[in-house]
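Right, one structure below, let's go through it.
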Amino acid sequence: MTTSAVLARGLGLASLALGVPQVAAPDRFAEAVGAQPTPQARDLTIGIGIRELSAAAGLLTRGSSPTWLWSRVAGDVMDLVLLGRALRGGARGRTVAATVAVAGLTAVDLRAARRSGRGRPPTSSSAPSASGAASAPGPSASSSSSSSSGSDLELTAAVTVARSPQEVYDFWRGLERLPSFMWHLQSVEWVGEGRTRWTAQAPVKKSVTWEAELVEDVPGEVIAWRSLPGADIDNSGSVRFREAPAGRGTEVRVHIRYALPGGRAGALVARLAGEEPHQQVEDDLRRFKQVIETGAVVRSEGSPEGPSARRQLLQHPGSPSAGT
Amino acid sequence: MKATCWMGRNTVEVVDVPDPKILDERDAIIRITSTAICGSDLHLYDGYVPEMKRGDILGHEFMGEVVETGKGVGNLSVGDRVVVPFPIACGACEQCRNGMTSVCENSNPNSGMAEKLWGHATSGIFGYSHLTGGFAGGQAEYARVPFADVGPMKVPSSLTDEQVLFLTDVFPTGYMGAEMCDISPGDTVAIWGAGPVGQFAAASAALLGAHRVVVIDRFDYRLDIVARHTGAQTLNYEQVDVRDALQEITAGRGPDAVIDCVGLEAHHPNAALHTYDRVKQATRAESDRGHSLRQMITSVRNGGVVSIVGVYGGFVDKFPIGSLMNRSLTVRTGQTHVHRYQHGLLARIERGEIDPSFIVTHRASLSDAPAMYETFKNKRDDCLKVVLTP
Ligand SMILES: NC(=O)c1ccc[n+]([C@@H]2O[C@H](COP(=O)([O-])OP(=O)(O)OC[C@H]3O[C@@H](n4cnc5c(N)ncnc54)[C@H](O)[C@@H]3O)[C@@H](O)[C@H]2O)c1
Ligand SMILES: [Zn+2]
Ligand SMILES: [Zn+2]
C-alpha cells in the first residue's frame, strides 16, 4: 500500500472507533470528552457518530480518494463543537486532552488529504493536469508541471502576458535578457551562426555551460532550441506565443526537456533544477511577466530578491533590513 | 526609524529598525504624518491571518510627505503630500487596467504562497502578512511605496490629515461595499458591523440613494455614531433578533442588499454557538468565524445582493449555500480597489458631501501603538478609530 492508502485506512479505522461508541453509548462518550450529558449533547453526539461512521465507510471502501479524506477533515471540525461547549461547563482537564487528540487527528487528516490530492480540497475542482502542457491558465495565472519519463525531465509552464505576441516574442528572442528573470542562468551569449552559449549557475559556485542552436524561430509564434553535442547537460526546449482571446494579451507556453542519463550529468541537472523544478520554471515565468509588464522584478522586504519558491519558505520579516 | 512591529499573537512593539531605502526606480519614500489602526490589523494582532513573521511592520492606512523618489516616478516630487492606497498595484497588468487593483497580477512577490491557499494570488498589501507579499507597513516614521507612480494621490492642503487619511482604505472600502449593492430607489440596505468600515458603508449607501440603511452591532456607542452621522437606523443584535427585526422593517421582504463589515472574527450572541466557532478557529479546524455571513445570507430578500468587504482568510463551516443558491442571491466581494475610488471620493470630500474625520475617537503618538491596539481591540473607552502620529 502507498503511504496515503495506509494513512487513509488508519483514519477509516479511527473513524470507526470514534463513531461506534458515539452512536451506541452517547452519554458515556459525551462524558468521556468532558461534556455534560444533557439531552442536547446526546443528540449531537449521535449525529456526530453517524457522520463519523459514514466517513469510516467511505475511507475503508474508497481508500485514499481525496474527497473522503477531506470529508474526514470536515468531520473533525464538528467534534470540536461538543468539546467547545464542554470547555465552558467544567471538566476542563479532560476536554483539553480530548481537544488535543481531535486536533491531532485533524493534522493527520490534513496530511493524508494533502498527499492524495496534492494539497487541494476537492471543492477546488482540481482536475489532475495530465501533461500540464496544454492546460489553459486564467488571465493572470501561470501553470506548470513536471514529469520525469524514463531518463528525461520534462518541465512545462504557462503564463499570460499583457502584450502582443510579437512584443513578447521580441523580448524573449533577445535571449541575452533571459537571465534577468531566469535566475539559474548566468548568461546567454550569441556565438554566431544561430548558436548561443548558455552558462548556468549550479550550487556551490559551480557553473555549467552548453552551446545550443535554434531549431525553430517564427516571429510572434515560437522559439525552439536544442543543445549541441558536447554539452554538460543535454537539453532542449521551446517557448510558444499565442494571442490570448479578446485582447487578453499573449499566452506564453514553455516546454523544457533535460536528458537525465544518470551519473554526473544527471546529478548536475538535479542540482540545477532544485527540488521543485517545476516551481523554478513557474517562478521564471512570474518574473518574466513582471519584467515585461512593469519593467522590473517586484521586490518586498520579505522577498527582497523578488518571487522565488525558496525565498517564500525563508521569508525575511516585512521590515527594512540593514542588508536591503 | 521607529516602527510598530508584530511580535507574535497579541503583541506589538514599537522598535527601532533601519530606514527604508529605494529598491526599485518606481519606489518612493514617504515620511508618514498620520497612520491609522484598522480592523484588518486586529485580525493580524489576534493571530488569525497566516504567514505573519515576528518583526513585520504593521499598518496599511498611512499618508505623509514624499521625501525621495526613484527615477521612474515622474508624477511625484519631494514635498508632495499624499495618501497611499493599501493595495500595491503595478498599473500595467490586465487586472489593474480593468480597475481591479487589489488583484494586481504583478505586485505580490509571494504569489506562489498565496496560490497554495487561495488558488490564485492577490496584489501585494502593505503590512499585511507574507501571503500578500511581505511588504513593510506604514505604522512607522517612513515607508517605502512601490509603484509610487501608480498609487499615491496628492491631496490639497485645505484638507486636514484626518479628513483625507481614510481615503487609503476604510472610506473606499465602505463605499465599494455599498456600490456593489447596485442600490436602486426604494432599497433597504442592511449592514453588519458598525466599525469604521460599517460607518462608511452606511454613509455611502445613503450617498448612493438607499431608501433606508440599517446598521447592526452590539456596541451602542458605535451604533449611536452611525445614527448621528449617516441617518441610519440601528439594531443591537444582543437586544433583538436580527432577522425578525429586518423582516419587520421591510414588511416581510427582507433587505434588498446586505453588507458584511465584520469579517472573520464575527461574534455570536449565543455563548454556546460563539464558542463553537471560536474553538474550531482556535484549534485551526476552521480558520474563519462565519456567523454574520450566515445571518446575512438568510436575511437578504430573494434575488438580493450579498456584499462582503469584511475580511476572510480561509474557510468557514456551515456556509448556507442552499439559501444562497435557491434564492437567486448574488455575492460580490473583494479587497478594495482603492485606486479606482480615491479620486472620486476625494472630490466628494472637497465638495463637502462627507467629512470622514467623524470616525476618529482616539489620537495618540506612534509610540503608544501597543496600548492603542488593546483599546481598539477591546472597544475600550468608546474607541472607534485610532490615528497615530509619528
Ligand atoms: N475589503 C477590504 O478591503 C477591507 C478593508 C478594510 C477593512 N476590512 C475588513 O472590514 C472588517 C471591519 O473592519 P473595521 O475596521 O470596521 O473593524 P472593527 O473591528 O472596528 O469592526 C467590526 C465590528 O463588527 C461588529 N460585529 C462583530 N460580530 C458581529 C455580528 N455577529 N453582527 C454584527 N456586528 C458584529 C463588532 O462589534 C465591531 O463593531 C474587518 O474584517 C476588516 O478586516 C476590509
Ligand atoms: Zn484596513
Ligand atoms: Zn497590476
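We name chains A, B, ... following the order of the C-alpha cells; residues begin at 1 in each chain, and ligands are numbered from 1 as shown.
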Using only C-alpha atoms and all ligand atoms, find each protein or nucleic acid residue lying at most 8 Å from ligand 1; present the set as an mmCIF file with C-alpha atoms, in the first residue's frame.
data_model
loop_
_atom_site.group_PDB
_atom_site.id
_atom_site.type_symbol
_atom_site.label_atom_id
_atom_site.label_comp_id
_atom_site.auth_asym_id
_atom_site.auth_seq_id
_atom_site.Cartn_x
_atom_site.Cartn_y
_atom_site.Cartn_z
ATOM 1 C CA ILE B 37 -5.111 51.118 13.019
ATOM 2 C CA CYS B 38 -7.627 49.096 11.006
ATOM 3 C CA GLY B 39 -9.984 46.255 11.886
ATOM 4 C CA SER B 40 -7.851 44.215 9.488
ATOM 5 C CA ASP B 41 -4.841 44.834 11.745
ATOM 6 C CA LEU B 42 -6.825 43.242 14.565
ATOM 7 C CA HIS B 43 -7.076 40.025 12.552
ATOM 8 C CA ASP B 169 -8.732 52.214 2.982
ATOM 9 C CA VAL B 170 -11.871 52.370 5.120
ATOM 10 C CA THR B 173 -13.964 50.049 1.433
ATOM 11 C CA GLY B 174 -17.310 51.122 2.834
ATOM 12 C CA GLY B 177 -19.322 47.651 -0.168
ATOM 13 C CA ILE B 191 -25.033 46.499 7.226
ATOM 14 C CA TRP B 192 -23.432 44.122 9.723
ATOM 15 C CA GLY B 193 -20.757 45.830 11.823
ATOM 16 C CA ALA B 194 -20.582 49.456 12.976
ATOM 17 C CA GLY B 195 -16.804 49.689 12.958
ATOM 18 C CA PRO B 196 -15.102 52.226 10.711
ATOM 19 C CA VAL B 197 -15.910 50.197 7.605
ATOM 20 C CA GLY B 198 -19.572 49.834 8.567
ATOM 21 C CA GLN B 199 -19.738 53.580 9.270
ATOM 22 C CA ILE B 216 -26.301 46.038 13.147
ATOM 23 C CA ASP B 217 -23.782 45.769 16.003
ATOM 24 C CA ARG B 218 -23.795 45.237 19.726
ATOM 25 C CA PHE B 219 -21.885 48.339 20.815
ATOM 26 C CA ARG B 222 -20.812 52.719 17.676
ATOM 27 C CA TYR B 237 -28.183 42.222 17.998
ATOM 28 C CA ASP B 260 -20.615 42.328 5.689
ATOM 29 C CA CYS B 261 -18.404 44.824 7.551
ATOM 30 C CA VAL B 262 -17.469 42.327 10.268
ATOM 31 C CA GLY B 263 -15.178 39.701 8.788
ATOM 32 C CA LEU B 264 -13.628 36.580 10.185
ATOM 33 C CA GLU B 265 -13.911 37.432 13.883
ATOM 34 C CA ALA B 266 -17.685 37.606 13.976
ATOM 35 C CA HIS B 267 -19.211 37.347 17.401
ATOM 36 C CA HIS B 268 -22.331 35.294 18.141
ATOM 37 C CA PRO B 269 -24.803 36.469 20.790
ATOM 38 C CA HIS B 291 -21.723 33.864 11.964
ATOM 39 C CA SER B 292 -22.611 37.209 10.441
ATOM 40 C CA ILE B 308 -18.744 41.168 1.532
ATOM 41 C CA VAL B 309 -15.961 43.563 2.453
ATOM 42 C CA GLY B 310 -15.257 42.142 5.912
ATOM 43 C CA VAL B 311 -12.053 40.138 5.554
ATOM 44 C CA TYR B 312 -11.966 36.348 5.491
ATOM 45 C CA THR B 333 -16.749 40.872 -2.680
ATOM 46 C CA GLY B 334 -13.108 41.885 -2.641
ATOM 47 C CA GLN B 335 -10.282 43.675 -1.023
ATOM 48 C CA THR B 336 -10.951 47.229 -2.043
ATOM 49 C CA HIS B 337 -9.699 48.507 -5.380
ATOM 50 C CA PHE B 376 -9.300 49.336 19.822
ATOM 51 C CA LYS B 377 -9.474 45.567 20.054
ATOM 52 C CA LYS B 379 -13.645 48.505 22.324
ATOM 53 C CA LEU B 384 -13.938 53.552 17.065
ATOM 54 C CA LYS B 385 -10.786 54.656 15.233
#
8 Å contacts from chain B to chain A using only C-alpha atoms, as a count of residues only: 47
Gap from CA of Trp198 in chain A to CA of His278 in chain A - Å, one decimal: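 These two atoms are separated by 19.9 Å.
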DSSP helix (DSSP H, G or I) residues within range 3-138 of chain B, listed as a PyMOL selection string: chain B and resi 39-45+94-97+101-103+111-118+130-132
Val188 in chain A: which residues within 10 Å, counting only C-alpha atoms, same-chain residues fewer than 2 positions away excluded, as a compact mmCIF listing (two decimals) with N, CA and C atoms, in the first residue's frame?
# COMPACT_ATOMS: atom_id res chain seq x y z
N GLY A 174 15.54 38.09 -27.65
CA GLY A 174 16.82 38.70 -27.30
C GLY A 174 17.75 37.69 -26.62
N LEU A 175 17.19 36.68 -26.01
CA LEU A 175 17.91 35.63 -25.29
C LEU A 175 18.89 36.14 -24.23
N GLU A 176 19.68 37.18 -24.58
CA GLU A 176 20.64 37.69 -23.57
C GLU A 176 19.90 38.16 -22.33
N ARG A 177 18.62 38.52 -22.50
CA ARG A 177 17.87 39.04 -21.35
C ARG A 177 17.29 37.95 -20.46
N LEU A 178 17.39 36.70 -20.91
CA LEU A 178 16.77 35.63 -20.12
C LEU A 178 17.26 35.60 -18.67
N PRO A 179 18.56 35.80 -18.42
CA PRO A 179 19.00 35.72 -17.00
C PRO A 179 18.35 36.77 -16.09
N LEU A 185 20.24 30.99 -14.67
CA LEU A 185 21.15 31.29 -15.77
C LEU A 185 22.07 32.43 -15.39
N GLN A 186 23.35 32.29 -15.72
CA GLN A 186 24.27 33.41 -15.51
C GLN A 186 24.33 34.28 -16.75
N TRP A 190 25.33 35.16 -27.79
CA TRP A 190 25.33 34.69 -29.17
C TRP A 190 26.78 34.42 -29.58
N VAL A 191 26.99 33.26 -30.18
CA VAL A 191 28.36 32.96 -30.60
C VAL A 191 28.43 32.77 -32.11
N THR A 196 24.15 29.78 -29.55
CA THR A 196 24.25 30.53 -28.30
C THR A 196 25.03 29.71 -27.29
N ARG A 197 25.70 30.43 -26.38
CA ARG A 197 26.37 29.74 -25.28
C ARG A 197 25.65 30.10 -23.98
N TRP A 198 25.22 29.07 -23.27
CA TRP A 198 24.46 29.25 -22.03
C TRP A 198 25.35 28.91 -20.85
N THR A 199 25.34 29.76 -19.85
CA THR A 199 26.06 29.44 -18.61
C THR A 199 25.06 29.49 -17.47
N ALA A 200 24.99 28.40 -16.77
CA ALA A 200 24.04 28.32 -15.65
C ALA A 200 24.82 28.14 -14.37
N THR A 209 28.06 24.90 -18.54
CA THR A 209 27.83 25.60 -19.80
C THR A 209 27.45 24.61 -20.90
N TRP A 210 26.76 25.12 -21.88
CA TRP A 210 26.48 24.34 -23.07
C TRP A 210 26.23 25.28 -24.23
N GLU A 211 26.39 24.77 -25.42
CA GLU A 211 26.01 25.55 -26.59
C GLU A 211 24.73 24.99 -27.15
N ALA A 212 23.95 25.89 -27.71
CA ALA A 212 22.66 25.46 -28.24
C ALA A 212 22.44 26.10 -29.60
Those in range 251-345 of chain B with strand (DSSP E or B) from DSSP, as an MDAnalysis selection string: chainID B and resid 257:260 265 289 305:308 330:333
CA of Leu117 in chain B to CA of Phe241 in chain A, straight-line distance in Å: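 That distance, rounded to one decimal, is 29.4 Å.
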Selected residue, from B:Gly59, B:Gly352, B:Gly91, B:Gly290, that lies nearest to ligand 3 when counting only C-alpha atoms and all ligand atoms: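 So, comparing all the options, the nearest one is B:Gly91.
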Point-to-point distance in Å for CA of Leu329 in chain B and CA of Val306 in chain B: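 So the answer is 7.1 Å.
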Long-range neighbours of His229 in chain B as a count of residues only, 8 Å cut-off, only C-alpha atoms, 4 positions minimum in chain: 3
For range 230-235 of chain B: contacts at 12 Å, only C-alpha atoms, fewer than 6 positions along chain excluded, given as a count of residues only: 45
